[in-house]
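Next up, entry_20.txt (compact mmCIF, C-alpha atoms):
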# COMPACT_ATOMS: atom_id res chain seq x y z
CA MET D 1 -0.93 4.48 -9.63
CA SER D 2 0.63 3.13 -6.44
CA PHE D 3 0.11 2.65 -2.71
CA THR D 4 0.96 6.29 -1.96
CA ASN D 5 -0.82 7.44 1.21
CA ALA D 6 -2.34 3.96 1.58
CA PRO D 7 -0.04 1.97 3.89
CA VAL D 8 -2.85 -0.12 5.38
CA THR D 9 -4.03 -1.24 1.93
CA ARG D 10 -0.45 -2.11 1.02
CA SER D 11 -0.09 -4.19 4.18
CA LEU D 12 -3.39 -5.97 3.50
CA VAL D 13 -2.39 -6.84 -0.08
CA TYR D 14 1.11 -8.02 0.79
CA GLY D 15 -0.10 -9.85 3.89
CA LEU D 16 -2.87 -11.64 1.99
CA ILE D 17 -0.46 -12.77 -0.72
CA GLY D 18 2.15 -13.87 1.82
CA MET D 19 -0.30 -15.76 4.02
CA SER D 20 -1.88 -17.54 1.05
CA ILE D 21 1.52 -18.62 -0.29
CA ALA D 22 2.64 -19.76 3.16
CA ALA D 23 -0.54 -21.78 3.71
CA SER D 24 0.00 -23.49 0.36
CA LEU D 25 3.70 -24.22 0.92
CA LEU D 26 3.16 -25.53 4.46
CA ASP D 27 0.12 -27.56 3.37
CA ILE D 28 -2.17 -26.10 6.06
CA LYS D 29 -4.95 -24.78 3.82
CA HIS D 30 -7.39 -27.26 5.37
CA TYR D 31 -7.30 -25.26 8.62
CA PHE D 32 -8.72 -22.09 7.07
CA TYR D 33 -12.27 -23.05 6.08
CA ILE D 34 -15.26 -24.05 8.18
CA LEU D 35 -17.61 -27.01 7.82
CA VAL D 36 -20.28 -26.41 10.42
CA ASP D 37 -21.33 -30.01 11.07
CA LEU D 38 -17.74 -31.31 11.18
CA HIS D 39 -15.62 -28.51 12.64
CA ILE D 40 -18.12 -26.74 14.91
CA TRP D 41 -20.61 -29.33 16.14
CA ARG D 42 -18.48 -32.49 16.07
CA PHE D 43 -14.92 -31.41 16.86
CA HIS D 44 -15.75 -28.06 18.53
CA GLN D 45 -13.02 -26.20 16.64
CA SER D 46 -14.40 -22.75 17.32
CA TRP D 47 -10.92 -21.25 16.86
CA ARG D 48 -11.40 -21.56 13.13
CA ALA D 49 -13.72 -18.54 13.29
CA LEU D 50 -10.74 -16.34 14.16
CA ILE D 51 -8.43 -17.53 11.36
CA TYR D 52 -10.66 -18.31 8.38
CA GLN D 53 -10.24 -14.74 7.01
CA LEU D 54 -6.45 -14.73 7.06
CA CYS D 55 -5.85 -16.26 3.62
CA TYR D 56 -7.42 -17.80 0.52
CA THR D 57 -7.01 -21.38 -0.57
CA ASN D 58 -6.58 -20.83 -4.34
CA SER D 59 -4.66 -18.41 -6.49
CA SER D 60 -7.68 -17.09 -8.43
CA GLU D 61 -9.29 -15.74 -5.28
CA VAL D 62 -5.99 -14.17 -4.22
CA LEU D 63 -5.70 -12.40 -7.58
CA PHE D 64 -9.22 -10.98 -7.58
CA ALA D 65 -9.09 -10.03 -3.89
CA THR D 66 -5.82 -8.11 -4.21
CA MET D 67 -7.04 -6.32 -7.35
CA THR D 68 -10.23 -5.31 -5.55
CA LEU D 69 -8.39 -4.05 -2.48
CA TYR D 70 -5.95 -2.10 -4.64
CA ASN D 71 -8.75 -0.42 -6.60
CA MET D 72 -10.45 0.65 -3.33
CA ARG D 73 -7.39 2.30 -1.78
CA THR D 74 -9.14 5.66 -2.28
CA VAL D 75 -11.24 4.90 0.80
CA GLU D 76 -8.13 4.88 2.97
CA ARG D 77 -6.91 8.13 1.42
CA LEU D 78 -10.20 9.84 2.24
CA TRP D 79 -10.54 8.44 5.75
CA GLY D 80 -6.93 8.38 6.78
CA SER D 81 -4.90 5.28 7.64
CA ARG D 82 -5.84 5.26 11.32
CA LYS D 83 -9.61 5.24 10.78
CA TYR D 84 -9.33 2.79 7.91
CA ALA D 85 -7.25 0.34 9.96
CA THR D 86 -9.77 0.61 12.80
CA PHE D 87 -12.62 -0.13 10.41
CA VAL D 88 -10.83 -3.19 9.01
CA LEU D 89 -10.11 -4.53 12.50
CA VAL D 90 -13.68 -4.00 13.75
CA THR D 91 -15.09 -5.60 10.60
CA PHE D 92 -12.75 -8.56 11.01
CA LEU D 93 -13.87 -9.16 14.60
CA LEU D 94 -17.58 -8.72 13.88
CA THR D 95 -17.66 -10.95 10.82
CA SER D 96 -15.51 -13.56 12.57
CA ILE D 97 -18.15 -13.87 15.27
CA ILE D 98 -21.43 -13.15 13.49
CA SER D 99 -20.93 -15.11 10.26
CA PRO D 100 -20.08 -18.58 11.72
CA LEU D 101 -22.64 -18.15 14.51
CA LEU D 102 -25.43 -17.19 12.13
CA LEU D 103 -24.49 -19.97 9.73
CA ALA D 104 -24.41 -22.64 12.44
CA VAL D 105 -27.48 -21.62 14.44
CA VAL D 106 -29.88 -20.19 11.84
CA LEU D 107 -29.03 -20.76 8.19
CA ARG D 108 -27.91 -24.37 8.30
CA PRO D 109 -31.05 -25.65 10.05
CA VAL D 110 -33.32 -23.50 7.87
CA SER D 111 -31.63 -24.62 4.62
CA LEU D 112 -31.70 -28.30 5.74
CA GLY D 113 -27.93 -28.55 5.62
CA LEU D 114 -27.43 -26.85 2.25
CA LEU D 115 -25.55 -23.92 3.82
CA ASN D 116 -22.87 -25.76 5.73
CA TYR D 117 -19.61 -24.38 4.32
CA LEU D 118 -17.83 -21.09 5.01
CA PRO D 119 -14.86 -20.67 2.65
CA ALA D 120 -11.52 -19.21 3.64
CA GLY D 121 -10.57 -15.65 2.83
CA PRO D 122 -11.30 -12.04 3.84
CA THR D 123 -14.27 -11.73 1.48
CA PRO D 124 -16.46 -10.16 4.24
CA ILE D 125 -13.82 -7.49 4.89
CA ILE D 126 -13.48 -6.71 1.18
CA PHE D 127 -17.22 -6.29 0.77
CA ALA D 128 -17.42 -4.11 3.88
CA VAL D 129 -14.83 -1.82 2.28
CA LEU D 130 -16.76 -2.06 -1.00
CA ALA D 131 -19.87 -0.73 0.78
CA GLN D 132 -17.88 2.35 1.82
CA TYR D 133 -16.47 2.73 -1.69
CA HIS D 134 -19.96 2.54 -3.17
CA ALA D 135 -21.28 5.23 -0.81
CA MET D 136 -18.29 7.60 -0.89
CA ILE D 137 -16.78 7.56 -4.35
CA PRO D 138 -18.87 9.02 -7.22
CA TYR D 139 -18.50 7.83 -10.76
CA ILE D 140 -16.60 10.03 -13.25
CA TYR D 141 -18.22 8.99 -16.50
CA LYS D 142 -20.73 6.53 -17.94
CA TYR D 143 -20.74 4.57 -21.16
CA ARG D 144 -23.26 2.35 -22.89
CA ILE D 145 -22.89 -0.93 -24.74
CA ALA D 146 -25.53 -1.69 -27.35
CA THR D 147 -27.07 -5.15 -27.32
CA SER D 148 -28.78 -4.83 -30.70
CA ILE D 149 -28.20 -3.06 -34.01
CA SER D 150 -30.71 -0.30 -34.64
CA GLY D 151 -32.18 0.05 -38.12
CA SER D 152 -32.49 3.84 -38.02
CA PRO D 153 -31.20 6.69 -35.86
CA ASP D 154 -34.71 7.27 -34.48
CA ASP D 155 -34.92 3.84 -32.84
CA GLN D 156 -34.71 3.71 -29.05
CA PHE D 157 -31.34 2.64 -27.69
CA GLN D 158 -31.19 -0.90 -26.37
CA GLY D 159 -28.18 -1.82 -24.32
CA LEU D 160 -26.41 -1.72 -20.98
CA THR D 161 -25.13 1.36 -19.14
CA PHE D 162 -21.87 1.16 -17.19
CA SER D 163 -19.63 3.60 -15.34
CA ASP D 164 -15.92 3.76 -14.58
CA LYS D 165 -16.67 1.96 -11.29
CA SER D 166 -18.39 -1.01 -12.91
CA TYR D 167 -15.29 -3.15 -13.42
CA ARG D 168 -14.48 -2.87 -9.71
CA TYR D 169 -17.90 -4.24 -8.87
CA LEU D 170 -17.41 -7.02 -11.42
CA LEU D 171 -14.15 -8.04 -9.74
CA ALA D 172 -15.88 -8.19 -6.37
CA LEU D 173 -18.84 -10.09 -7.84
CA GLN D 174 -16.53 -12.71 -9.30
CA LEU D 175 -14.87 -13.04 -5.89
CA ALA D 176 -18.28 -13.62 -4.28
CA LEU D 177 -19.16 -16.35 -6.80
CA PHE D 178 -15.98 -18.43 -6.53
CA GLN D 179 -17.25 -20.79 -3.81
CA TRP D 180 -20.94 -20.09 -3.60
CA PRO D 181 -23.22 -20.28 -1.69
CA GLY D 182 -20.74 -19.88 1.17
CA SER D 183 -18.81 -17.07 -0.49
CA ILE D 184 -22.04 -15.21 -1.28
CA PHE D 185 -23.05 -15.49 2.37
CA GLY D 186 -19.69 -14.06 3.51
CA ALA D 187 -19.90 -11.23 0.99
CA SER D 188 -23.45 -10.40 2.14
CA MET D 189 -22.39 -10.28 5.78
CA GLY D 190 -19.50 -7.96 4.93
CA TRP D 191 -21.77 -5.64 2.95
CA ILE D 192 -24.28 -5.50 5.85
CA VAL D 193 -21.57 -4.76 8.42
CA GLY D 194 -20.10 -2.09 6.15
CA TYR D 195 -23.40 -0.30 5.72
CA ALA D 196 -24.18 -0.65 9.43
CA TRP D 197 -20.93 1.22 10.08
CA ARG D 198 -21.89 3.76 7.45
CA MET D 199 -25.31 4.36 9.03
CA GLU D 200 -23.75 4.54 12.54
CA ILE D 201 -25.87 1.67 13.86
CA PHE D 202 -23.07 0.41 16.10
CA PRO D 203 -22.51 1.93 19.57
CA ARG D 204 -21.05 5.42 19.53
CA SER D 205 -18.09 4.35 21.65
CA LEU D 206 -17.17 1.74 19.02
CA MET D 207 -17.52 4.26 16.20
CA ARG D 208 -15.25 6.78 17.92
CA TRP D 209 -12.56 4.34 19.01
CA ARG D 210 -9.34 4.41 17.02
CA LEU D 211 -6.21 2.31 16.92
CA PRO D 212 -3.05 3.92 18.29
CA GLY D 213 -1.27 5.97 15.68
CA TRP D 214 2.03 4.10 15.95
CA ILE D 215 0.40 0.93 14.58
CA VAL D 216 -0.11 2.59 11.17
CA GLY D 217 3.15 4.54 11.30
CA ILE D 218 1.78 7.85 12.62
CA ARG D 219 4.22 9.35 15.10
CA THR D 220 2.84 12.00 17.44
CA PRO D 221 5.51 14.53 18.49
CA PRO D 222 5.97 15.13 22.23
CA ARG D 223 4.04 17.97 23.82
CA SER D 224 7.26 19.85 24.55
CA ARG D 225 8.07 19.99 20.82
CA GLU D 226 4.61 21.31 20.04
CA PHE D 227 4.94 24.09 22.61
CA GLU D 228 8.46 24.89 21.42
CA GLY D 229 7.23 25.23 17.84
CA LEU D 230 4.34 27.44 18.93
CA ARG D 231 6.71 29.67 20.95
CA ARG D 232 9.02 30.11 17.97
CA ARG D 233 6.14 31.03 15.67
CA LEU D 234 4.90 33.62 18.15
CA GLU D 235 8.38 35.09 18.47
CA ASP D 236 8.74 35.28 14.69
CA GLU D 237 5.40 37.06 14.40
CA SER D 238 6.12 39.51 17.22
CA THR D 239 9.58 40.57 15.96
CA PRO D 240 8.38 42.52 12.88
CA THR D 241 5.62 44.10 14.95
CA ALA D 242 8.07 45.33 17.56
CA ALA D 243 10.39 46.72 14.89
CA THR D 244 7.52 48.57 13.23
CA THR D 245 6.34 50.02 16.55
CA GLY D 246 9.82 51.26 17.35
CA LEU D 247 10.15 52.90 13.96
CA GLN D 248 6.84 54.66 14.37
CA GLY D 249 7.92 55.90 17.77
CA GLN D 250 11.04 57.41 16.30
CA THR D 251 9.36 59.19 13.41
CA GLY D 252 6.24 60.33 15.24
CA SER D 253 5.79 62.68 18.14
CA ALA D 254 6.92 61.80 21.62
CA PRO D 255 4.36 59.81 23.61
CA GLU D 256 2.46 61.59 26.38
CA ARG D 257 3.94 61.15 29.87
CA ARG D 258 1.90 58.95 32.16
CA ARG D 259 0.27 60.71 35.15
CA THR D 260 1.11 59.50 38.63
CA THR D 261 -1.44 58.08 41.07
CA GLY D 262 -1.32 61.22 43.28
CA GLN D 263 -2.12 63.49 40.34
CA GLN D 264 -5.07 61.26 39.36
CA LEU D 265 -6.45 61.44 42.94
CA MET D 266 -6.12 65.23 42.99
CA ASP D 267 -8.03 65.45 39.73
CA GLN D 268 -10.86 63.39 41.23
CA PHE D 269 -11.17 65.64 44.28
CA GLN D 270 -11.02 68.77 42.18
CA GLY D 271 -13.86 67.52 40.05
CA ALA D 272 -15.94 66.75 43.15
CA PHE D 273 -15.62 70.26 44.59
The structure given in the file should be rewritten as structure tokens.
Amino acid sequence: MSFTNAPVTRSLVYGLIGMSIAASLLDIKHYFYILVDLHIWRFHQSWRALIYQLCYTNSSEVLFATMTLYNMRTVERLWGSRKYATFVLVTFLLTSIISPLLLAVVLRPVSLGLLNYLPAGPTPIIFAVLAQYHAMIPYIYKYRIATSISGSPDDQFQGLTFSDKSYRYLLALQLALFQWPGSIFGASMGWIVGYAWRMEIFPRSLMRWRLPGWIVGIRTPPRSREFEGLRRRLEDESTPTAATTGLQGQTGSAPERRRTTGQQLMDQFQGAF
């Protein structure tokens, strides 16, 4: 169990831990959350929307977030690092714009100021990835936990049914409940964006766009090397064929001599008359 074939997930985990530790050591954690009435309407600090997902402000959230990301690294292995990194970037940009805007313009007035806080951390991104994990990865087994003791074997089972994926959902659920209702709102927005990507609701040009391969460590060989490799493979395939043809020519009868153009013309005229 490691980060094999999951370099983007490894970068996200290490980056999240490093940014959270740095924010705590430098005492700048107060820059990474959003209070709508104070930061948006009063001081017009709209730049907070672009940085609030860079780190968490407490160690418990960091622990649960990194465990959830690590357990969902299978999504990157199925998609490939380039597509996965593109999805993470697009989700980051969309949730950075939509979540604070929706909270400030719609939810805060409707809730009479109850929904006014958007906590720090990439919870929307994690739940967008969780939506892909839920849709792509099937469960391997199920197990049941009884909630009551049956008196006889014929009694109907009463209990809860879980699968091998359940504990991953429990980790994500705990992450969504740390700073509710703001954390629940962020998780909901991430889940919606993730399923919108899954259902291809976004423009086709956005769905097809990919980050350059060098960003995730994919090096594309030059075209000359590709052609050189193709030429060598063709030469290797043609060499045994030529040797076999020459051997057949030696053991078989001599090939028929090719007729000249004048002889072919004479044959045509002879057939006409």
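One distance worth recording is that between CA of Leu16 in chain D and CA of Leu35 in chain D, which is 22.1 Å.
Of the residues listed (D:Ile17, D:Ile149, D:Leu206, D:Leu94), D:Leu94 shows the shortest atom-to-atom separation from Gly186 in chain D; distances use all atoms listed in the file.
For the pair CA of Arg219 in chain D and CA of Leu234 in chain D, the interatomic distance is 24.5 Å.
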Next on the checklist: One number please: CA of Ala176 in chain D to CA of Leu107 in chain D, in Å, one decimal.
Outcome noted: 17.9 Å
Checklist entry - Using only C-alpha atoms, which of the listed residues (D:His44, D:Lys165, D:Arg82, D:Arg77) sits closest to Trp214 in chain D? => result D:Arg82
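Nearest to Ile125 in chain D of all the residues D:Met67, D:Ile28, D:Leu50, D:Val90 is D:Val90, based on only C-alpha atoms.
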Polymer residues at most 12 Å from Leu171 in chain D, all atoms listed in the file, same-chain spacing of 5 or more positions, as a PDB file with C-alpha atoms, keeping the file's coordinate frame:
ATOM      1  CA  SER D  60      -7.680 -17.090  -8.430  1.00  0.00           C
ATOM      2  CA  GLU D  61      -9.290 -15.740  -5.280  1.00  0.00           C
ATOM      3  CA  VAL D  62      -5.990 -14.170  -4.220  1.00  0.00           C
ATOM      4  CA  LEU D  63      -5.700 -12.400  -7.580  1.00  0.00           C
ATOM      5  CA  PHE D  64      -9.220 -10.980  -7.580  1.00  0.00           C
ATOM      6  CA  ALA D  65      -9.090 -10.030  -3.890  1.00  0.00           C
ATOM      7  CA  THR D  66      -5.820  -8.110  -4.210  1.00  0.00           C
ATOM      8  CA  MET D  67      -7.040  -6.320  -7.350  1.00  0.00           C
ATOM      9  CA  THR D  68     -10.230  -5.310  -5.550  1.00  0.00           C
ATOM     10  CA  LEU D  69      -8.390  -4.050  -2.480  1.00  0.00           C
ATOM     11  CA  TYR D  70      -5.950  -2.100  -4.640  1.00  0.00           C
ATOM     12  CA  ASN D  71      -8.750  -0.420  -6.600  1.00  0.00           C
ATOM     13  CA  MET D  72     -10.450   0.650  -3.330  1.00  0.00           C
ATOM     14  CA  THR D 123     -14.270 -11.730   1.480  1.00  0.00           C
ATOM     15  CA  ILE D 126     -13.480  -6.710   1.180  1.00  0.00           C
ATOM     16  CA  PHE D 127     -17.220  -6.290   0.770  1.00  0.00           C
ATOM     17  CA  LEU D 130     -16.760  -2.060  -1.000  1.00  0.00           C
ATOM     18  CA  LYS D 165     -16.670   1.960 -11.290  1.00  0.00           C
ATOM     19  CA  SER D 166     -18.390  -1.010 -12.910  1.00  0.00           C
ATOM     20  CA  ALA D 176     -18.280 -13.620  -4.280  1.00  0.00           C
ATOM     21  CA  LEU D 177     -19.160 -16.350  -6.800  1.00  0.00           C
ATOM     22  CA  PHE D 178     -15.980 -18.430  -6.530  1.00  0.00           C
TER      23      PHE D 178
END
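Comparing D:Met189, D:Val36, D:Val13, D:Leu78 by their smallest distance to Tyr133 in chain D, the closest is D:Leu78 (using all atoms listed in the file).
Among the candidate residues D:Pro109, D:Gly18, D:Gly194, D:Gly159, the one lying nearest to Thr95 in chain D is D:Gly194, with distances computed using only C-alpha atoms.
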Please output range 6-25 of chain D, rebuilt to include N, CA, C and O atoms, as a tab-separated table (two decimals), in the frame of the given file.
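As written to disk, result24.tsv reads:
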chain	number	residue	atom	x	y	z
D	6	ALA	N	-1.46	5.09	1.28
D	6	ALA	CA	-2.34	3.96	1.58
D	6	ALA	C	-1.53	2.82	2.18
D	6	ALA	O	-1.48	1.71	1.63
D	7	PRO	N	-0.88	3.03	3.32
D	7	PRO	CA	-0.04	1.97	3.89
D	7	PRO	C	-0.83	0.78	4.40
D	7	PRO	O	-0.35	-0.35	4.37
D	8	VAL	N	-2.05	0.99	4.88
D	8	VAL	CA	-2.85	-0.12	5.38
D	8	VAL	C	-3.27	-1.03	4.22
D	8	VAL	O	-3.21	-2.26	4.33
D	9	THR	N	-3.68	-0.44	3.11
D	9	THR	CA	-4.03	-1.24	1.93
D	9	THR	C	-2.82	-2.02	1.44
D	9	THR	O	-2.94	-3.20	1.06
D	10	ARG	N	-1.66	-1.40	1.43
D	10	ARG	CA	-0.45	-2.11	1.02
D	10	ARG	C	-0.16	-3.29	1.94
D	10	ARG	O	0.16	-4.40	1.47
D	11	SER	N	-0.32	-3.10	3.24
D	11	SER	CA	-0.09	-4.19	4.18
D	11	SER	C	-1.11	-5.31	3.99
D	11	SER	O	-0.77	-6.50	4.09
D	12	LEU	N	-2.37	-4.95	3.73
D	12	LEU	CA	-3.39	-5.97	3.50
D	12	LEU	C	-3.08	-6.80	2.25
D	12	LEU	O	-3.20	-8.03	2.26
D	13	VAL	N	-2.68	-6.13	1.17
D	13	VAL	CA	-2.39	-6.84	-0.08
D	13	VAL	C	-1.18	-7.75	0.09
D	13	VAL	O	-1.23	-8.95	-0.24
D	14	TYR	N	-0.09	-7.21	0.63
D	14	TYR	CA	1.11	-8.02	0.79
D	14	TYR	C	0.88	-9.14	1.81
D	14	TYR	O	1.36	-10.27	1.62
D	15	GLY	N	0.17	-8.83	2.89
D	15	GLY	CA	-0.10	-9.85	3.89
D	15	GLY	C	-0.98	-10.97	3.36
D	15	GLY	O	-0.75	-12.15	3.66
D	16	LEU	N	-1.99	-10.62	2.57
D	16	LEU	CA	-2.87	-11.64	1.99
D	16	LEU	C	-2.11	-12.55	1.04
D	16	LEU	O	-2.27	-13.78	1.07
D	17	ILE	N	-1.26	-11.96	0.21
D	17	ILE	CA	-0.46	-12.77	-0.72
D	17	ILE	C	0.52	-13.66	0.05
D	17	ILE	O	0.65	-14.86	-0.23
D	18	GLY	N	1.18	-13.09	1.04
D	18	GLY	CA	2.15	-13.87	1.82
D	18	GLY	C	1.51	-15.00	2.60
D	18	GLY	O	2.03	-16.13	2.62
D	19	MET	N	0.37	-14.72	3.25
D	19	MET	CA	-0.30	-15.76	4.02
D	19	MET	C	-0.83	-16.88	3.12
D	19	MET	O	-0.76	-18.06	3.47
D	20	SER	N	-1.35	-16.53	1.96
D	20	SER	CA	-1.88	-17.54	1.05
D	20	SER	C	-0.75	-18.43	0.51
D	20	SER	O	-0.91	-19.66	0.41
D	21	ILE	N	0.39	-17.82	0.18
D	21	ILE	CA	1.52	-18.62	-0.29
D	21	ILE	C	2.05	-19.51	0.82
D	21	ILE	O	2.37	-20.70	0.60
D	22	ALA	N	2.14	-18.96	2.04
D	22	ALA	CA	2.64	-19.76	3.16
D	22	ALA	C	1.72	-20.93	3.47
D	22	ALA	O	2.18	-22.05	3.76
D	23	ALA	N	0.41	-20.70	3.45
D	23	ALA	CA	-0.54	-21.78	3.71
D	23	ALA	C	-0.43	-22.88	2.66
D	23	ALA	O	-0.58	-24.07	2.97
D	24	SER	N	-0.15	-22.49	1.42
D	24	SER	CA	0.00	-23.49	0.36
D	24	SER	C	1.32	-24.26	0.50
D	24	SER	O	1.35	-25.49	0.35
D	25	LEU	N	2.40	-23.55	0.81
D	25	LEU	CA	3.70	-24.22	0.92
D	25	LEU	C	3.75	-25.14	2.13
D	25	LEU	O	4.35	-26.22	2.08
